[in-house]
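> Got a file for you: final_34.cif, mmCIF, C-alpha atoms.
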```cif
data_input
#
loop_
_atom_site.label_atom_id
_atom_site.label_comp_id
_atom_site.auth_asym_id
_atom_site.auth_seq_id
_atom_site.Cartn_x
_atom_site.Cartn_y
_atom_site.Cartn_z
CA MET A 1 93.40 12.86 -83.35
CA GLU A 2 95.50 9.82 -83.97
CA ASN A 3 98.80 9.09 -82.31
CA ARG A 4 100.99 6.31 -83.64
CA ALA A 5 103.37 5.08 -80.98
CA LYS A 6 105.66 2.08 -80.96
CA SER A 7 103.64 -1.08 -80.37
CA PRO A 8 104.69 -4.26 -78.57
CA GLY A 9 104.65 -7.53 -80.48
CA ARG A 10 101.93 -10.10 -80.12
CA ARG A 11 101.73 -11.80 -76.75
CA LYS A 12 99.76 -14.89 -76.00
CA PHE A 13 97.18 -14.57 -73.26
CA ILE A 14 94.57 -17.17 -72.40
CA GLY A 15 91.70 -16.28 -70.12
CA ASP A 16 91.18 -18.16 -66.92
CA ALA A 17 88.52 -20.88 -67.15
CA ALA A 18 88.52 -21.55 -63.42
CA ALA A 19 85.22 -22.45 -61.81
CA ILE A 20 83.02 -19.81 -60.23
CA GLY A 21 82.40 -21.60 -56.96
CA VAL A 22 80.15 -24.57 -57.76
CA MET A 23 79.39 -23.31 -61.27
CA GLY A 24 82.09 -25.07 -63.26
CA ALA A 25 84.10 -23.64 -66.14
CA MET A 26 82.68 -20.67 -68.02
CA GLY A 27 84.02 -21.78 -71.38
CA ALA A 28 86.84 -19.24 -71.77
CA GLY A 29 89.42 -22.02 -71.91
CA TYR A 30 88.04 -23.26 -75.23
CA VAL A 31 88.93 -20.07 -77.12
CA LEU A 32 91.75 -21.53 -79.20
CA SER A 33 90.21 -24.91 -79.99
CA SER A 34 88.87 -25.92 -83.41
CA CYS A 35 85.43 -24.65 -84.39
CA SER A 36 84.32 -28.21 -85.10
CA SER A 37 86.33 -30.05 -82.43
CA ARG A 38 84.65 -32.57 -80.16
CA LYS A 39 85.56 -33.18 -76.55
CA PRO A 40 84.07 -35.40 -73.85
CA GLU A 41 80.56 -34.32 -72.88
CA TYR A 42 80.51 -30.71 -71.82
CA LYS A 43 78.77 -30.03 -68.51
CA MET A 44 77.08 -26.65 -68.49
CA PRO A 45 77.74 -24.43 -65.47
CA VAL A 46 75.11 -24.11 -62.76
CA PHE A 47 74.88 -20.48 -61.73
CA PRO A 48 74.02 -19.49 -58.15
CA GLU A 49 70.76 -17.60 -57.82
CA ILE A 50 72.27 -15.28 -55.23
CA ALA A 51 75.80 -14.59 -54.11
CA PRO A 52 76.82 -16.22 -50.81
CA ASP A 53 77.07 -14.22 -47.61
CA GLY A 54 80.42 -12.99 -46.38
CA PRO A 55 82.28 -9.95 -45.11
CA VAL A 56 81.15 -6.63 -46.51
CA LEU A 57 82.31 -5.95 -50.06
CA LYS A 58 82.42 -2.29 -51.04
CA ALA A 59 82.28 -1.25 -54.68
CA GLY A 60 83.14 2.00 -56.41
CA LEU A 61 81.42 2.97 -59.66
CA ILE A 62 83.35 4.65 -62.46
CA GLY A 63 80.96 5.99 -65.08
CA CYS A 64 77.57 7.06 -63.72
CA GLY A 65 75.44 6.91 -66.85
CA ALA A 66 72.51 4.55 -67.36
CA ARG A 67 74.65 1.41 -67.69
CA GLY A 68 76.83 2.32 -64.74
CA THR A 69 73.83 3.12 -62.54
CA GLY A 70 72.29 -0.20 -63.57
CA ALA A 71 75.50 -2.02 -62.62
CA ALA A 72 75.37 -0.34 -59.21
CA PHE A 73 71.83 -1.65 -58.69
CA ASN A 74 72.93 -5.11 -59.82
CA PHE A 75 75.77 -5.10 -57.29
CA ILE A 76 73.53 -4.08 -54.40
CA ASP A 77 70.98 -6.74 -55.37
CA ALA A 78 73.47 -9.58 -55.88
CA GLY A 79 73.56 -10.78 -52.27
CA PRO A 80 74.02 -9.79 -48.63
CA ASN A 81 76.60 -7.32 -47.31
CA LEU A 82 77.23 -5.57 -50.63
CA GLN A 83 77.64 -1.80 -50.71
CA ILE A 84 78.20 0.98 -53.22
CA THR A 85 80.38 3.52 -51.45
CA ALA A 86 81.95 5.75 -54.13
CA LEU A 87 80.90 7.33 -57.44
CA GLY A 88 82.99 8.93 -60.15
CA ASP A 89 82.25 10.52 -63.53
CA VAL A 90 83.58 13.25 -65.80
CA PHE A 91 80.36 15.24 -65.36
CA HIS A 92 78.78 16.43 -62.12
CA ASP A 93 75.20 15.95 -63.34
CA ARG A 94 75.86 12.27 -64.05
CA VAL A 95 77.08 11.73 -60.50
CA ASP A 96 74.09 13.65 -59.13
CA ASP A 97 71.61 11.61 -61.20
CA CYS A 98 73.16 8.31 -60.12
CA ARG A 99 73.28 9.37 -56.50
CA LYS A 100 69.61 10.37 -56.64
CA ALA A 101 68.62 7.07 -58.26
CA LEU A 102 70.44 5.08 -55.58
CA ILE A 103 68.60 6.93 -52.85
CA GLU A 104 65.18 6.66 -54.49
CA LYS A 105 65.38 3.07 -55.75
CA ARG A 106 67.70 1.31 -53.29
CA ASN A 107 67.68 3.62 -50.25
CA VAL A 108 71.46 3.91 -50.55
CA GLU A 109 73.05 7.28 -49.86
CA ILE A 110 76.57 8.05 -51.05
CA PRO A 111 78.32 10.70 -48.93
CA GLU A 112 79.32 13.88 -50.76
CA GLU A 113 82.97 13.26 -49.93
CA ASN A 114 82.81 9.97 -51.85
CA CYS A 115 81.44 11.54 -55.05
CA PHE A 116 84.17 12.50 -57.48
CA VAL A 117 83.95 14.58 -60.65
CA GLY A 118 86.44 15.24 -63.42
CA PHE A 119 88.93 13.49 -65.63
CA ASP A 120 90.78 12.11 -62.59
CA ALA A 121 87.62 10.91 -60.82
CA TYR A 122 88.41 7.30 -61.73
CA GLN A 123 91.62 7.35 -59.68
CA LYS A 124 89.88 8.90 -56.69
CA VAL A 125 87.27 6.12 -56.75
CA ILE A 126 90.01 3.49 -56.96
CA ASP A 127 91.92 5.12 -54.10
CA SER A 128 88.84 5.19 -51.88
CA ASP A 129 88.21 2.34 -49.48
CA VAL A 130 86.67 -0.11 -51.96
CA ASP A 131 87.21 -3.77 -52.81
CA VAL A 132 85.58 -3.86 -56.24
CA ILE A 133 85.56 -1.47 -59.19
CA LEU A 134 82.55 -1.30 -61.50
CA GLU A 135 84.08 0.17 -64.68
CA ALA A 136 81.31 1.51 -66.93
CA SER A 137 82.79 4.72 -68.25
CA LEU A 138 83.77 5.74 -71.79
CA ALA A 139 85.21 2.92 -73.86
CA TYR A 140 88.15 5.18 -74.70
CA CYS A 141 89.07 5.33 -71.01
CA ARG A 142 88.58 1.67 -70.19
CA PRO A 143 92.17 0.45 -70.74
CA LEU A 144 93.55 3.21 -68.48
CA HIS A 145 90.96 2.67 -65.76
CA PHE A 146 91.30 -1.12 -65.82
CA GLU A 147 95.08 -0.95 -65.51
CA ALA A 148 94.81 1.44 -62.56
CA ALA A 149 92.27 -0.80 -60.81
CA VAL A 150 94.39 -3.91 -61.25
CA ARG A 151 97.53 -2.15 -60.02
CA ALA A 152 95.54 -1.17 -56.93
CA ARG A 153 94.58 -4.86 -56.48
CA LYS A 154 90.85 -4.35 -56.96
CA HIS A 155 88.45 -6.94 -58.36
CA VAL A 156 86.77 -5.54 -61.47
CA PHE A 157 83.53 -5.63 -63.37
CA LEU A 158 84.64 -4.49 -66.83
CA GLU A 159 82.02 -3.27 -69.27
CA LYS A 160 82.27 -3.79 -73.02
CA PRO A 161 84.01 -2.98 -75.28
CA ALA A 162 87.55 -3.42 -73.95
CA GLY A 163 88.74 -0.33 -75.80
CA VAL A 164 88.53 1.50 -79.11
CA ASP A 165 91.89 0.74 -80.75
CA PRO A 166 94.55 -1.99 -80.88
CA VAL A 167 96.90 -0.21 -78.47
CA GLY A 168 94.16 0.07 -75.86
CA VAL A 169 92.95 -3.51 -76.25
CA ARG A 170 96.48 -4.85 -75.86
CA LYS A 171 96.78 -2.79 -72.68
CA VAL A 172 93.64 -4.52 -71.40
CA MET A 173 95.16 -7.91 -72.26
CA ALA A 174 98.30 -7.03 -70.32
CA SER A 175 96.27 -5.83 -67.34
CA GLY A 176 94.29 -9.06 -67.50
CA ARG A 177 97.53 -11.01 -67.12
CA MET A 178 98.40 -8.90 -64.08
CA ALA A 179 94.97 -9.53 -62.60
CA GLU A 180 95.36 -13.26 -63.11
CA ALA A 181 98.77 -13.28 -61.44
CA ALA A 182 97.34 -11.31 -58.50
CA GLY A 183 94.41 -13.70 -58.04
CA LEU A 184 91.85 -11.01 -58.86
CA THR A 185 88.44 -11.66 -60.38
CA VAL A 186 87.50 -9.87 -63.60
CA VAL A 187 84.00 -10.33 -64.97
CA ALA A 188 83.13 -8.67 -68.27
CA GLY A 189 79.97 -6.94 -69.44
CA THR A 190 79.37 -9.43 -72.25
CA GLN A 191 76.28 -10.50 -70.36
CA TYR A 192 75.05 -13.23 -72.71
CA ARG A 193 77.80 -15.50 -71.38
CA HIS A 194 75.95 -15.27 -68.06
CA GLN A 195 72.43 -15.70 -69.46
CA HIS A 196 70.94 -19.12 -68.72
CA ASP A 197 69.33 -19.79 -72.10
CA TYR A 198 72.48 -18.86 -74.05
CA VAL A 199 74.65 -20.97 -71.75
CA LYS A 200 72.34 -23.97 -72.14
CA THR A 201 72.30 -23.57 -75.92
CA PHE A 202 76.09 -23.38 -75.93
CA SER A 203 76.22 -26.68 -74.05
CA MET A 204 73.90 -28.25 -76.63
CA ILE A 205 76.11 -27.07 -79.51
CA LYS A 206 79.24 -28.07 -77.64
CA ASN A 207 77.82 -31.59 -77.35
CA GLY A 208 77.06 -31.84 -81.07
CA ALA A 209 73.39 -30.85 -81.39
CA VAL A 210 73.94 -29.22 -84.81
CA GLY A 211 76.89 -31.36 -85.84
CA ASP A 212 80.12 -29.81 -87.07
CA LEU A 213 79.90 -26.04 -87.37
CA ILE A 214 79.95 -24.70 -90.93
CA SER A 215 79.21 -20.98 -90.88
CA ALA A 216 77.45 -18.24 -88.94
CA LYS A 217 76.06 -14.72 -89.12
CA CYS A 218 75.22 -11.93 -86.69
CA PHE A 219 73.46 -8.61 -86.99
CA TYR A 220 72.74 -5.46 -85.00
CA ASN A 221 70.41 -3.30 -87.06
CA ILE A 222 68.64 -0.52 -85.16
CA GLY A 223 67.41 3.03 -85.57
CA GLY A 224 69.57 6.13 -85.74
CA PRO A 225 71.85 7.08 -82.85
CA PRO A 226 71.00 9.60 -80.15
CA TYR A 227 72.29 13.07 -80.85
CA ALA A 228 73.21 15.62 -78.20
CA ARG A 229 73.02 19.12 -79.69
CA ARG A 230 75.82 21.33 -78.44
CA GLN A 231 74.83 23.65 -75.61
CA GLU A 232 76.17 27.10 -74.88
CA GLY A 233 79.15 26.92 -72.56
CA TRP A 234 80.24 23.43 -73.57
CA SER A 235 83.89 23.05 -74.43
CA ASP A 236 84.88 21.06 -77.49
CA MET A 237 85.74 18.12 -75.27
CA GLU A 238 82.43 18.22 -73.39
CA ALA A 239 80.49 18.54 -76.65
CA MET A 240 82.15 15.39 -78.00
CA ILE A 241 81.70 13.36 -74.82
CA ARG A 242 78.05 14.36 -74.48
CA ASN A 243 77.61 13.24 -78.09
CA ARG A 244 79.91 10.22 -77.68
CA GLY A 245 77.61 7.84 -79.62
CA ASN A 246 78.73 9.52 -82.83
CA TRP A 247 82.52 9.64 -82.34
CA ASN A 248 84.79 6.75 -83.18
CA TRP A 249 87.51 7.59 -80.65
CA LEU A 250 85.02 7.52 -77.77
CA THR A 251 83.05 4.36 -78.66
CA GLY A 252 84.95 2.48 -81.38
CA ASP A 253 82.06 2.92 -83.85
CA LEU A 254 78.91 0.81 -83.84
CA ILE A 255 80.68 -2.43 -84.82
CA VAL A 256 82.82 -2.23 -81.66
CA ASN A 257 80.37 -0.57 -79.32
CA LEU A 258 77.16 -2.47 -80.22
CA LEU A 259 77.74 -5.35 -82.62
CA VAL A 260 80.52 -6.57 -80.30
CA HIS A 261 77.85 -8.42 -78.27
CA ASN A 262 76.89 -10.62 -81.20
CA ILE A 263 80.46 -10.98 -82.40
CA ASP A 264 81.30 -12.19 -78.91
CA ILE A 265 78.51 -14.79 -79.05
CA LEU A 266 79.83 -16.21 -82.33
CA ASN A 267 83.43 -16.24 -81.08
CA TRP A 268 82.20 -18.00 -77.93
CA PHE A 269 80.16 -20.64 -79.76
CA CYS A 270 82.89 -21.22 -82.37
CA GLU A 271 85.42 -21.35 -79.52
CA LYS A 272 87.99 -19.08 -81.15
CA HIS A 273 88.38 -15.74 -82.90
CA PRO A 274 88.67 -15.01 -86.64
CA VAL A 275 92.09 -14.34 -88.14
CA ARG A 276 91.07 -12.11 -91.05
CA ALA A 277 88.38 -9.57 -91.92
CA THR A 278 87.16 -8.15 -95.22
CA GLY A 279 84.52 -5.48 -94.86
CA TYR A 280 82.90 -2.32 -96.05
CA GLY A 281 80.67 0.35 -94.61
CA GLY A 282 79.45 3.85 -95.14
CA ARG A 283 77.69 6.93 -93.89
CA HIS A 284 74.44 8.45 -95.13
CA ARG A 285 72.29 9.79 -92.31
CA ARG A 286 74.36 10.55 -89.20
CA PRO A 287 73.84 14.18 -88.12
CA SER A 288 77.25 14.56 -86.45
CA GLY A 289 80.49 12.85 -85.59
CA ASP A 290 82.75 10.73 -87.79
CA MET A 291 81.26 7.22 -87.48
CA TYR A 292 79.71 5.03 -90.14
CA ASP A 293 75.99 4.28 -90.37
CA PHE A 294 76.51 0.66 -91.43
CA PHE A 295 79.06 -2.17 -91.63
CA SER A 296 79.19 -5.47 -93.49
CA VAL A 297 82.16 -7.70 -92.64
CA ASP A 298 83.19 -11.21 -93.61
CA TYR A 299 85.30 -12.83 -90.89
CA VAL A 300 87.46 -15.88 -91.64
CA PHE A 301 88.87 -18.42 -89.19
CA ASP A 302 92.21 -20.19 -89.47
CA ASP A 303 90.46 -23.21 -91.05
CA GLN A 304 88.80 -20.99 -93.71
CA LYS A 305 85.34 -21.27 -92.17
CA SER A 306 83.71 -17.88 -91.83
CA TYR A 307 80.92 -15.79 -90.44
CA HIS A 308 79.27 -12.57 -91.58
CA ALA A 309 78.61 -9.61 -89.29
CA MET A 310 76.45 -6.63 -90.17
CA GLY A 311 75.41 -3.55 -88.25
CA ARG A 312 73.30 -0.51 -89.06
CA GLN A 313 72.05 2.62 -87.26
CA ILE A 314 69.56 4.32 -89.60
CA ASP A 315 65.98 5.40 -88.91
CA GLY A 316 63.18 4.10 -91.10
CA CYS A 317 64.70 0.69 -91.80
CA ASP A 318 63.82 -2.83 -90.67
CA ASN A 319 65.49 -3.61 -87.36
CA ALA A 320 66.85 -6.89 -86.00
CA ILE A 321 69.43 -8.00 -83.44
CA GLY A 322 70.67 -11.57 -83.22
CA GLN A 323 72.81 -14.32 -84.64
CA PHE A 324 72.66 -17.80 -86.18
CA ILE A 325 75.15 -20.65 -86.35
CA TYR A 326 74.83 -23.38 -89.00
CA GLY A 327 76.09 -26.94 -88.63
CA THR A 328 75.98 -30.18 -90.59
CA LYS A 329 72.82 -31.33 -88.77
CA GLY A 330 70.95 -28.10 -88.11
CA TYR A 331 71.19 -24.50 -87.00
CA THR A 332 70.57 -22.37 -83.91
CA ASN A 333 69.90 -18.80 -82.88
CA CYS A 334 72.34 -19.39 -80.00
CA GLN A 335 69.70 -18.36 -77.47
CA ASN A 336 66.84 -20.80 -77.15
CA ARG A 337 66.15 -22.93 -80.26
CA ILE A 338 67.73 -25.47 -82.59
CA TRP A 339 66.18 -26.32 -85.98
CA ASP A 340 66.81 -28.97 -88.59
CA TYR A 341 67.04 -27.94 -92.24
CA ASP A 342 63.39 -28.78 -92.84
CA GLY A 343 62.51 -25.98 -90.45
CA ASN A 344 61.47 -28.26 -87.58
CA ILE A 345 62.34 -27.19 -84.03
CA ILE A 346 64.36 -30.06 -82.58
CA TRP A 347 65.11 -28.41 -79.24
CA GLU A 348 63.86 -25.43 -77.22
CA TYR A 349 65.03 -23.91 -73.98
CA ASP A 350 62.65 -24.67 -71.12
CA TYR A 351 61.78 -21.26 -69.69
CA PRO A 352 60.34 -20.92 -66.17
CA LEU A 353 56.60 -20.61 -65.81
CA ASP A 354 54.65 -17.62 -64.56
CA GLU A 355 51.99 -17.76 -61.83
CA GLU A 356 49.43 -19.03 -64.35
CA GLY A 357 51.68 -21.82 -65.57
CA ARG A 358 52.68 -20.21 -68.87
CA PRO A 359 56.30 -19.94 -70.10
CA MET A 360 57.70 -16.50 -69.31
CA ASN A 361 59.92 -16.43 -72.44
CA ARG A 362 62.72 -14.98 -70.37
CA VAL A 363 65.27 -16.34 -67.96
CA ALA A 364 64.49 -16.26 -64.26
CA ILE A 365 67.50 -14.08 -63.45
CA SER A 366 68.52 -11.15 -65.62
CA PRO A 367 72.00 -11.63 -67.11
CA TYR A 368 72.92 -8.19 -65.76
CA ASP A 369 72.16 -9.48 -62.27
CA GLN A 370 73.74 -12.86 -62.96
CA GLU A 371 77.10 -11.49 -64.07
CA ILE A 372 77.43 -9.54 -60.82
CA ILE A 373 76.23 -12.52 -58.76
CA ASN A 374 78.96 -14.55 -60.45
CA LEU A 375 81.51 -11.82 -59.73
CA VAL A 376 80.70 -11.74 -56.03
CA ASN A 377 80.45 -15.52 -55.80
CA SER A 378 83.91 -15.84 -57.34
CA ILE A 379 85.40 -13.41 -54.82
CA ARG A 380 83.71 -14.90 -51.78
CA THR A 381 84.48 -18.52 -52.68
CA ASN A 382 88.10 -17.62 -53.52
CA ASN A 383 87.80 -19.04 -57.06
CA PRO A 384 89.18 -16.22 -59.22
CA VAL A 385 87.67 -15.86 -62.67
CA ASN A 386 89.26 -13.81 -65.45
CA GLU A 387 87.10 -12.98 -68.49
CA THR A 388 89.53 -10.41 -69.86
CA TRP A 389 90.65 -12.50 -72.83
CA ASP A 390 87.14 -13.15 -74.11
CA LEU A 391 86.23 -9.46 -73.90
CA ALA A 392 89.50 -8.30 -75.42
CA THR A 393 89.45 -10.72 -78.35
CA SER A 394 85.86 -9.95 -79.26
CA THR A 395 86.64 -6.22 -79.10
CA MET A 396 89.73 -6.73 -81.27
CA THR A 397 87.60 -8.73 -83.71
CA GLY A 398 85.27 -5.74 -84.03
CA ILE A 399 88.22 -3.37 -84.49
CA MET A 400 89.67 -5.66 -87.16
CA GLY A 401 86.40 -5.47 -89.11
CA ARG A 402 86.11 -1.72 -88.62
CA GLU A 403 89.61 -1.07 -89.91
CA SER A 404 88.96 -3.24 -92.96
CA ALA A 405 85.82 -1.23 -93.73
CA TYR A 406 87.56 2.09 -93.10
CA THR A 407 90.54 1.28 -95.34
CA GLY A 408 88.97 -0.98 -97.96
CA ARG A 409 91.66 -3.57 -97.33
CA ASP A 410 91.81 -7.08 -95.89
CA VAL A 411 92.99 -6.85 -92.28
CA SER A 412 94.49 -9.75 -90.31
CA TRP A 413 94.60 -10.54 -86.61
CA GLU A 414 98.39 -10.15 -86.72
CA ASP A 415 97.92 -6.68 -88.21
CA MET A 416 95.86 -5.71 -85.19
CA MET A 417 98.14 -7.33 -82.65
CA ASN A 418 101.08 -5.37 -84.06
CA SER A 419 99.28 -2.14 -84.94
CA ASN A 420 100.29 1.16 -83.37
CA LEU A 421 96.85 2.67 -84.08
CA ARG A 422 95.76 4.80 -81.16
CA LEU A 423 92.64 6.95 -81.36
CA GLY A 424 91.82 10.10 -79.46
CA PRO A 425 93.85 12.96 -78.04
CA GLY A 426 96.01 10.80 -75.78
CA HIS A 427 95.69 10.68 -72.02
CA GLU A 428 98.32 13.38 -71.63
CA GLU A 429 95.81 15.73 -73.30
CA TRP A 430 92.67 14.19 -71.83
CA GLY A 431 90.23 16.90 -70.87
CA MET A 432 92.18 19.73 -72.46
CA ASN A 433 91.21 22.10 -75.26
CA PRO A 434 91.29 22.58 -78.17
CA VAL A 435 90.11 19.25 -79.59
CA ASP A 436 89.62 18.52 -83.27
CA ASN A 437 85.89 17.82 -83.41
CA LYS A 438 85.39 18.24 -87.15
CA PRO A 439 83.37 15.24 -88.44
CA VAL A 440 85.65 13.69 -91.08
CA SER A 441 84.72 10.09 -91.85
CA PRO A 442 87.21 7.52 -93.22
CA VAL A 443 87.33 7.04 -96.98
CA PRO A 444 88.15 3.47 -98.14
CA GLY A 445 91.00 3.18 -100.61
CA ALA A 446 92.27 6.68 -99.93
#
```
Kindly transcribe the structure held in the file into structure tokens.

Amino acid sequence: MENRAKSPGRRKFIGDAAAIGVMGAMGAGYVLSSCSSRKPEYKMPVFPEIAPDGPVLKAGLIGCGARGTGAAFNFIDAGPNLQITALGDVFHDRVDDCRKALIEKRNVEIPEENCFVGFDAYQKVIDSDVDVILEASLAYCRPLHFEAAVRARKHVFLEKPAGVDPVGVRKVMASGRMAEAAGLTVVAGTQYRHQHDYVKTFSMIKNGAVGDLISAKCFYNIGGPPYARRQEGWSDMEAMIRNRGNWNWLTGDLIVNLLVHNIDILNWFCEKHPVRATGYGGRHRRPSGDMYDFFSVDYVFDDQKSYHAMGRQIDGCDNAIGQFIYGTKGYTNCQNRIWDYDGNIIWEYDYPLDEEGRPMNRVAISPYDQEIINLVNSIRTNNPVNETWDLATSTMTGIMGRESAYTGRDVSWEDMMNSNLRLGPGHEEWGMNPVDNKPVSPVPGA
């Protein structure tokens, strides 16, 4: 299921750090700076609580699963004059479920003629009369869908990850450059960059609260993956897509599909991406598919500083999701606290209070709402934002670690930027049978 085509050489692409209205820079412009560099005092962005009013903006949703349906709610709730007008998914039941949820929970009815099903549904949504695309479909499809949306001059909300292989991620980078040239806004589904407590903590670290950064770690350890048992009448392709959480070509494996959030946080706080990965992983308990159950990867920056990333999906184990960054003066969980090395809390995020005057221990606005508010605000204030680079580099970081674990070899950033690795059947065969769905996992050193 792997096609190796000629790959373009590495191209430099830097995400746009333009302000989102009155919010100030989002931090994307710091990607290539030194992990321990110091600049004049960093002013954290001030996010709007609601998007400003303006002419009606119509959005089309591609991918009508739980995350896509949630993104549709977020768009409707972001401000005035915002509409969901088209839905598209590979499966009819997904469209029906999303359509029903929109009626029941937001009193929004999507006409039958604007509901599209099949492997070409994405293009029909893009070609409908919409201004914004909410892309929340299969990670495998994301590079193709994003390119089509940008060519059609649509603003885009782009879920994570950016793709599942180096060829796809580079396509996303190229489409991001096109979007930037066209003045389009692209906001990514790496929601922690839009979460108030994380953004405040980033500003503290940026201004030296833990001193020079030394090392970091992140982890995404949860229970076993969902498993969709094959039903009578399903084709090979449908069986794989319904069980997508267990197939590498559809999700990129857990390090790309799940741990990418925490990898993205460390890349963000360290203000650049690693240049080399050395990792391992394995499979013990998965009931189907070809993915690993766990990963352990050491990532190294160009100055030889490093961070460790681990991920696991196995029932019956201790679970934890998070990250820590360590500096010369202290360490942080990147979300809401900074400690010194005696274990004393030297700073905490000031959460809003509930009706009884107690801290709510959560931000006032959900990051899933905030990222869409920021998207709409950017469009309506004519301050284009492009988060493509951040999403693409964090995805490529995950792929770099995955490929090291799969092969048992050190893998460099240059390897990935020049790799012709392409997973899946290829879009020319997308939706066709037969498909090789035999679960054969990678063997390191083979």
> Within 12 Å of (64.9, -18.4, -65.3), all atoms listed in the file: residues as a list in words?
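Protein, DNA and RNA residues close to (64.9, -18.4, -65.3): Val46, Phe47, Pro48, Glu49, His194, Gln195, His196, Asp197, Tyr198, Val199, Lys200, Tyr349, Asp350, Tyr351, Pro352, Leu353, Asp354, Pro359, Met360, Asn361, Arg362, Val363, Ala364, Ile365, Ser366, Pro367, Asp369 and Gln370 of chain A.
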> How would you write, as an MDAnalysis selection string, the residues chosen by the PyMOL selection byres ((chain A and resi 300) around 7) on this structure?
chainID A and resid 274:277 298:299 301:302 304:307
> For a quick check of understanding, using all atoms listed in the file, which of A:Ala51, A:Leu391, A:Val90, A:Cys218 has the smallest distance to Ala309 of chain A?
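Closest candidate: A:Cys218.
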> Compile the contact shell of Glu180 of chain A as a ChimeraX atom specification: residues with an atom at most 10 Å away, counting only C-alpha atoms, same-chain residues fewer than 5 positions apart removed.
/A:15-16,150,174-175,185-186,384-388
> Could you check how far atom CA of Leu158 of chain A sits from atom CA of Asn257 of chain A, in Å to one decimal?
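For atom CA of Leu158 of chain A relative to atom CA of Asn257 of chain A, the distance reads 13.8 Å.
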> Could you work out how far atom CA of Arg193 of chain A lies from atom CA of Lys272 of chain A, giving the answer in Å with one decimal?
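Going from atom CA of Lys272 of chain A over to atom CA of Arg193 of chain A, I get 14.6 Å.
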> I'd like to see the residues matched by the PyMOL selection byres ((chain A and resi 318-331) around 10) on this file, and ideally I'd get them as a PyMOL selection string.
chain A and resi 36+205+208-223+259+261-263+265-266+269-270+307-317+332-335+337-346
> Kindly save the residues from that selection, with C-alpha atoms included, as a CSV table (one decimal), in the frame of the given file.

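Result written to part.csv:
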```csv
chain,number,residue,atom,x,y,z
A,36,SER,CA,84.3,-28.2,-85.1
A,205,ILE,CA,76.1,-27.1,-79.5
A,208,GLY,CA,77.1,-31.8,-81.1
A,209,ALA,CA,73.4,-30.8,-81.4
A,210,VAL,CA,73.9,-29.2,-84.8
A,211,GLY,CA,76.9,-31.4,-85.8
A,212,ASP,CA,80.1,-29.8,-87.1
A,213,LEU,CA,79.9,-26.0,-87.4
A,214,ILE,CA,80.0,-24.7,-90.9
A,215,SER,CA,79.2,-21.0,-90.9
A,216,ALA,CA,77.4,-18.2,-88.9
A,217,LYS,CA,76.1,-14.7,-89.1
A,218,CYS,CA,75.2,-11.9,-86.7
A,219,PHE,CA,73.5,-8.6,-87.0
A,220,TYR,CA,72.7,-5.5,-85.0
A,221,ASN,CA,70.4,-3.3,-87.1
A,222,ILE,CA,68.6,-0.5,-85.2
A,223,GLY,CA,67.4,3.0,-85.6
A,259,LEU,CA,77.7,-5.4,-82.6
A,261,HIS,CA,77.8,-8.4,-78.3
A,262,ASN,CA,76.9,-10.6,-81.2
A,263,ILE,CA,80.5,-11.0,-82.4
A,265,ILE,CA,78.5,-14.8,-79.0
A,266,LEU,CA,79.8,-16.2,-82.3
A,269,PHE,CA,80.2,-20.6,-79.8
A,270,CYS,CA,82.9,-21.2,-82.4
A,307,TYR,CA,80.9,-15.8,-90.4
A,308,HIS,CA,79.3,-12.6,-91.6
A,309,ALA,CA,78.6,-9.6,-89.3
A,310,MET,CA,76.4,-6.6,-90.2
A,311,GLY,CA,75.4,-3.6,-88.2
A,312,ARG,CA,73.3,-0.5,-89.1
A,313,GLN,CA,72.0,2.6,-87.3
A,314,ILE,CA,69.6,4.3,-89.6
A,315,ASP,CA,66.0,5.4,-88.9
A,316,GLY,CA,63.2,4.1,-91.1
A,317,CYS,CA,64.7,0.7,-91.8
A,332,THR,CA,70.6,-22.4,-83.9
A,333,ASN,CA,69.9,-18.8,-82.9
A,334,CYS,CA,72.3,-19.4,-80.0
A,335,GLN,CA,69.7,-18.4,-77.5
A,337,ARG,CA,66.2,-22.9,-80.3
A,338,ILE,CA,67.7,-25.5,-82.6
A,339,TRP,CA,66.2,-26.3,-86.0
A,340,ASP,CA,66.8,-29.0,-88.6
A,341,TYR,CA,67.0,-27.9,-92.2
A,342,ASP,CA,63.4,-28.8,-92.8
A,343,GLY,CA,62.5,-26.0,-90.4
A,344,ASN,CA,61.5,-28.3,-87.6
A,345,ILE,CA,62.3,-27.2,-84.0
A,346,ILE,CA,64.4,-30.1,-82.6
```
> Enumerate, in order of chain and increasing residue number, the residues of segment 153-175 of chain A with an atom no farther than 9 Å from segment 403-425 of chain A, each with its shortest atom pair and distance in Å to one decimal, counting only C-alpha atoms, as CSV.

```
residue,atom,partner,partner_atom,distance
A:Val164,CA,A:Leu423,CA,7.2
A:Asp165,CA,A:Arg422,CA,5.6
A:Pro166,CA,A:Met416,CA,5.8
A:Val167,CA,A:Arg422,CA,5.8
A:Gly168,CA,A:Arg422,CA,7.3
A:Arg170,CA,A:Met417,CA,7.4
```
> Expanded to explicit residues, what is the PyMOL selection byres ((chain A and resi 140) around 9) for this file, as a list in words?
Ser137, Leu138, Ala139, Cys141, Arg142, Pro143, Leu144, Ala162, Gly163, Val164, Asp165, Gly168, Trp249, Leu250, Thr251, Gly252, Leu423 and Gly424 of chain A
> Give me the residues near Arg286 of chain A as a VMD selection string, where near means some atom within 9 Å (using all atoms listed in the file) and where sequence neighbours in that chain fewer than 6 positions away do not count.
chain A and resid 224 to 225 227 246 292 to 293 313 to 314
> Using only C-alpha atoms, which of A:Asn336, A:Gln83, A:Ser441, A:Ser296 sits nearest Leu134 of chain A?
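Using only C-alpha atoms, Leu134 of chain A sits closest to A:Gln83.
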